[in-house]
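To start, the structure under review is shown below, and the notes come after it.
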Amino acid sequence: MPFRHLPRRALGFFPTPIVELSRLSEYLGGPKILMKRDDQTGLALGGNKTRKLEFLIAEALRQNCDCVITAGAAQSNHCRQTAAAAAMVGLECHLVLGGTPPEQINGNLLLDELLGAQIHWTGADRKGEQLGAIASQLHAQGKRPYLIPYGGSNALGAVGFVAAMAELQQQLLDMEQSVDAIVFASSSGGTQAGLTVGQSLLAMDVELVGIRIDKDDKEQLSYNEQLAELATSTAQILQRSNCHFQPSDFRVETAYLGAGYGIVGELERSAINLVSQTEGILLDPVYTGRAMGGLLDLLQTRHFHPQQTVLFWHTGGLPALFEPALSLKRE
Ligand SMILES: *Cc1c(COP(=O)(O)O)cnc(C)c1O
């Protein structure tokens, strides 16, 4: 495997299960739908960031750092899993969160506090703009911080999803099952970049479809350009420097952004209700609810044939179900 030379700290339960959503398929009239359960990675209620953190935390330990610092939204799943991983290996954790302290503390934020993370609120800077400055302050206090970018989406973090693709390939082989497409929520890009590099290095014949969750018009590069850069640098640390990715190598569906990041609309609401009531499986209001809504729409518009097999990658996020501001109730 191309990532075997990199240090890795076990943080979760892998491989995560693959289940078949036969009652959902039946309700929809096909196709066959599988689900990869990364909501069950096991790290303090699970999620896809556990995979990235296995490589990032190992590197923090290798560099002999004594704390980690990362950034996200108040309900960041990445921050909650980072806080848990840090606690697990005995590192202090600093979280740089957008917005201001809410009156009611719940969902992921409640778990951040339980896990002992120290929180720095940064108001309108919602994507870790102050990460470097706060890391410098920690340095000045004599600490040795390890900086993990927003969403854990650098090349080393994305390696977690190259490993995930190898895990999936072995599982499908054992199941004697082929998959035509993989559909997943795509936000800071590490998941999609890593899966794409994995697909390429492992020569897997499957279409990857990222459902865009948030759109940032301030960014200099388009999302597809960011994905190409991230995938190319991920291949580089895997010693595949001849492997270059282009923006057109990534399929990103941008039609499901609704009223914006973290704003629950009819798309998410009905997808969450349908999957919970046909399968007894929970989806989250911010990421997987939106991604499943996108998949259901792609199925409705006959993007996939009823004879095909589609795998939905459940990336986690369930603690946000307990944040009333993301309520699934209709107004
Ligand atoms: C972070 C996250 C994603 C998106 O993964 P990226 O690597 O940031 O694109 C999807 N689902 C959930 C639940 C997440 O927390």
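Following the order of the structure tokens, first chain is A, next is B, and so on, with residues numbered from 1 inside each chain and ligands from 1 in the order they appear.
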
At a cut-off of 7 Å and counting only C-alpha atoms and all ligand atoms, what residues surround ligand 1? Please answer as number ranges by chain.
A: 47-49, 76-78, 151, 153, 185-192, 284, 287-288, 315-317

Closest atom pairs, residues of segment 8-82 of chain A within 12 Å of segment 167-170 of chain A, only C-alpha atoms, as JSON lines:
```
{"residue": "A:Phe14", "atom": "CA", "partner": "A:Glu167", "partner_atom": "CA", "distance": 8.3}
{"residue": "A:Pro15", "atom": "CA", "partner": "A:Glu167", "partner_atom": "CA", "distance": 6.4}
{"residue": "A:Thr16", "atom": "CA", "partner": "A:Glu167", "partner_atom": "CA", "distance": 8.8}
{"residue": "A:Pro17", "atom": "CA", "partner": "A:Leu168", "partner_atom": "CA", "distance": 9.7}
{"residue": "A:Ile18", "atom": "CA", "partner": "A:Leu168", "partner_atom": "CA", "distance": 8.8}
{"residue": "A:Leu34", "atom": "CA", "partner": "A:Leu168", "partner_atom": "CA", "distance": 11.8}
{"residue": "A:Met35", "atom": "CA", "partner": "A:Leu168", "partner_atom": "CA", "distance": 11.2}
{"residue": "A:Lys36", "atom": "CA", "partner": "A:Leu168", "partner_atom": "CA", "distance": 8.5}
{"residue": "A:Arg37", "atom": "CA", "partner": "A:Leu168", "partner_atom": "CA", "distance": 11.1}
{"residue": "A:Asp38", "atom": "CA", "partner": "A:Leu168", "partner_atom": "CA", "distance": 11.5}
{"residue": "A:Arg51", "atom": "CA", "partner": "A:Glu167", "partner_atom": "CA", "distance": 11.3}
```

Store the residues picked out above in a file with all heavy atoms, as a CSV table (one decimal), in the first residue's frame.
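Contents of result14.csv, freshly written:
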```csv
chain,number,residue,atom,x,y,z
A,14,PHE,N,-11.9,0.1,12.4
A,14,PHE,CA,-11.9,-0.1,10.9
A,14,PHE,C,-11.7,-1.6,10.6
A,14,PHE,O,-11.0,-2.3,11.3
A,14,PHE,CB,-10.8,0.7,10.3
A,14,PHE,CG,-11.0,2.2,10.5
A,14,PHE,CD1,-10.2,2.9,11.4
A,14,PHE,CD2,-12.0,2.9,9.8
A,14,PHE,CE1,-10.5,4.3,11.7
A,14,PHE,CE2,-12.2,4.2,10.0
A,14,PHE,CZ,-11.5,4.9,11.0
A,15,PRO,N,-12.2,-2.1,9.5
A,15,PRO,CA,-13.0,-1.3,8.5
A,15,PRO,C,-14.4,-1.0,9.1
A,15,PRO,O,-15.0,-1.8,9.8
A,15,PRO,CB,-13.2,-2.3,7.3
A,15,PRO,CG,-13.0,-3.7,7.9
A,15,PRO,CD,-12.1,-3.5,9.1
A,16,THR,N,-15.0,0.1,8.6
A,16,THR,CA,-16.4,0.4,9.0
A,16,THR,C,-17.3,-0.5,8.2
A,16,THR,O,-16.9,-0.9,7.1
A,16,THR,CB,-16.7,1.9,8.7
A,16,THR,OG1,-16.4,2.2,7.4
A,16,THR,CG2,-15.9,2.8,9.7
A,17,PRO,N,-18.4,-0.8,8.7
A,17,PRO,CA,-19.3,-1.8,8.0
A,17,PRO,C,-19.9,-1.2,6.7
A,17,PRO,O,-20.0,0.0,6.6
A,17,PRO,CB,-20.5,-2.0,9.0
A,17,PRO,CG,-20.1,-1.4,10.3
A,17,PRO,CD,-19.0,-0.4,10.0
A,18,ILE,N,-20.3,-2.1,5.8
A,18,ILE,CA,-21.0,-1.7,4.6
A,18,ILE,C,-22.4,-2.4,4.8
A,18,ILE,O,-22.4,-3.6,5.0
A,18,ILE,CB,-20.4,-2.2,3.3
A,18,ILE,CG1,-19.0,-1.4,3.1
A,18,ILE,CG2,-21.3,-2.0,2.1
A,18,ILE,CD1,-18.2,-1.9,1.9
A,34,LEU,N,-25.8,0.7,-1.4
A,34,LEU,CA,-25.0,0.3,-0.3
A,34,LEU,C,-24.7,1.5,0.5
A,34,LEU,O,-24.7,2.6,0.0
A,34,LEU,CB,-23.8,-0.4,-0.7
A,34,LEU,CG,-23.9,-1.6,-1.6
A,34,LEU,CD1,-22.6,-2.1,-2.1
A,34,LEU,CD2,-24.7,-2.7,-0.9
A,35,MET,N,-24.4,1.4,1.8
A,35,MET,CA,-23.9,2.5,2.6
A,35,MET,C,-22.7,2.1,3.4
A,35,MET,O,-22.6,1.1,4.1
A,35,MET,CB,-25.0,2.9,3.6
A,35,MET,CG,-24.6,4.1,4.4
A,35,MET,SD,-25.9,4.5,5.6
A,35,MET,CE,-27.0,5.7,4.7
A,36,LYS,N,-21.6,2.9,3.3
A,36,LYS,CA,-20.4,2.7,4.1
A,36,LYS,C,-20.5,3.5,5.3
A,36,LYS,O,-20.7,4.8,5.3
A,36,LYS,CB,-19.2,3.2,3.2
A,36,LYS,CG,-17.9,3.1,3.8
A,36,LYS,CD,-17.2,1.8,3.8
A,36,LYS,CE,-15.7,1.8,4.2
A,36,LYS,NZ,-15.4,0.6,5.0
A,37,ARG,N,-20.5,2.9,6.5
A,37,ARG,CA,-20.9,3.5,7.7
A,37,ARG,C,-19.7,4.2,8.5
A,37,ARG,O,-19.4,3.8,9.6
A,37,ARG,CB,-21.6,2.4,8.6
A,37,ARG,CG,-22.8,1.8,8.0
A,37,ARG,CD,-24.0,2.8,7.9
A,37,ARG,NE,-24.4,3.4,9.2
A,37,ARG,CZ,-25.2,2.9,10.0
A,37,ARG,NH1,-25.8,1.7,9.8
A,37,ARG,NH2,-25.5,3.5,11.1
A,38,ASP,N,-19.2,5.3,8.0
A,38,ASP,CA,-18.2,6.0,8.7
A,38,ASP,C,-18.8,6.8,9.8
A,38,ASP,O,-18.1,7.5,10.6
A,38,ASP,CB,-17.4,6.9,7.8
A,38,ASP,CG,-16.2,6.2,7.1
A,38,ASP,OD1,-16.2,5.0,7.2
A,38,ASP,OD2,-15.4,6.9,6.5
A,51,ARG,N,-10.5,9.2,10.1
A,51,ARG,CA,-9.5,8.7,9.1
A,51,ARG,C,-8.4,9.6,8.9
A,51,ARG,O,-7.2,9.2,8.8
A,51,ARG,CB,-10.2,8.4,7.8
A,51,ARG,CG,-11.3,7.3,7.9
A,51,ARG,CD,-11.8,7.0,6.5
A,51,ARG,NE,-12.9,6.0,6.5
A,51,ARG,CZ,-12.7,4.7,6.6
A,51,ARG,NH1,-11.4,4.2,6.5
A,51,ARG,NH2,-13.7,3.8,6.6
```

Please return, as JSON, numbers by chain, all residues of segment 143-247 of chain A that DSSP assigns to helix (DSSP H, G or I) on the basis of the backbone.
{"A": [150, 151, 152, 155, 156, 157, 158, 159, 160, 161, 162, 163, 164, 165, 166, 167, 168, 169, 170, 171, 172, 173, 174, 175, 190, 191, 192, 193, 194, 195, 196, 197, 198, 199, 200, 201, 223, 224, 225, 226, 227, 228, 229, 230, 231, 232, 233, 234, 235, 236, 237, 247]}

As a PyMOL selection string, please: the residues near segment 58-65 of chain A (cut-off 10 Å, only C-alpha atoms, same-chain neighbours under 4 positions excluded).
chain A and resi 6-11+53-54+86+89-92+143-148+156

Output for the residues just chosen: C-alpha atoms as an mmCIF file, in the first residue's frame:
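Writing done, so here's again_31.cif:
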```
data_model
loop_
_atom_site.group_PDB
_atom_site.id
_atom_site.type_symbol
_atom_site.label_atom_id
_atom_site.label_comp_id
_atom_site.auth_asym_id
_atom_site.auth_seq_id
_atom_site.Cartn_x
_atom_site.Cartn_y
_atom_site.Cartn_z
ATOM 1 C CA LEU A 6 3.687 7.073 6.973
ATOM 2 C CA PRO A 7 3.154 6.968 10.750
ATOM 3 C CA ARG A 8 -0.435 6.192 11.690
ATOM 4 C CA ARG A 9 -2.084 6.188 15.119
ATOM 5 C CA ALA A 10 -5.130 3.904 15.431
ATOM 6 C CA LEU A 11 -8.065 6.015 16.645
ATOM 7 C CA LEU A 53 -6.704 12.223 12.186
ATOM 8 C CA GLU A 54 -5.038 8.801 12.262
ATOM 9 C CA ALA A 86 -6.099 14.589 21.345
ATOM 10 C CA VAL A 89 -3.175 10.364 23.042
ATOM 11 C CA GLY A 90 -2.690 12.888 25.857
ATOM 12 C CA LEU A 91 -2.313 16.093 23.844
ATOM 13 C CA GLU A 92 -3.915 19.403 24.777
ATOM 14 C CA LYS A 143 3.836 25.314 23.980
ATOM 15 C CA ARG A 144 4.608 23.175 20.922
ATOM 16 C CA PRO A 145 1.396 23.267 18.862
ATOM 17 C CA TYR A 146 0.697 21.023 15.878
ATOM 18 C CA LEU A 147 -1.490 22.861 13.400
ATOM 19 C CA ILE A 148 -4.266 20.923 11.688
ATOM 20 C CA LEU A 156 -1.514 14.181 5.034
#
```
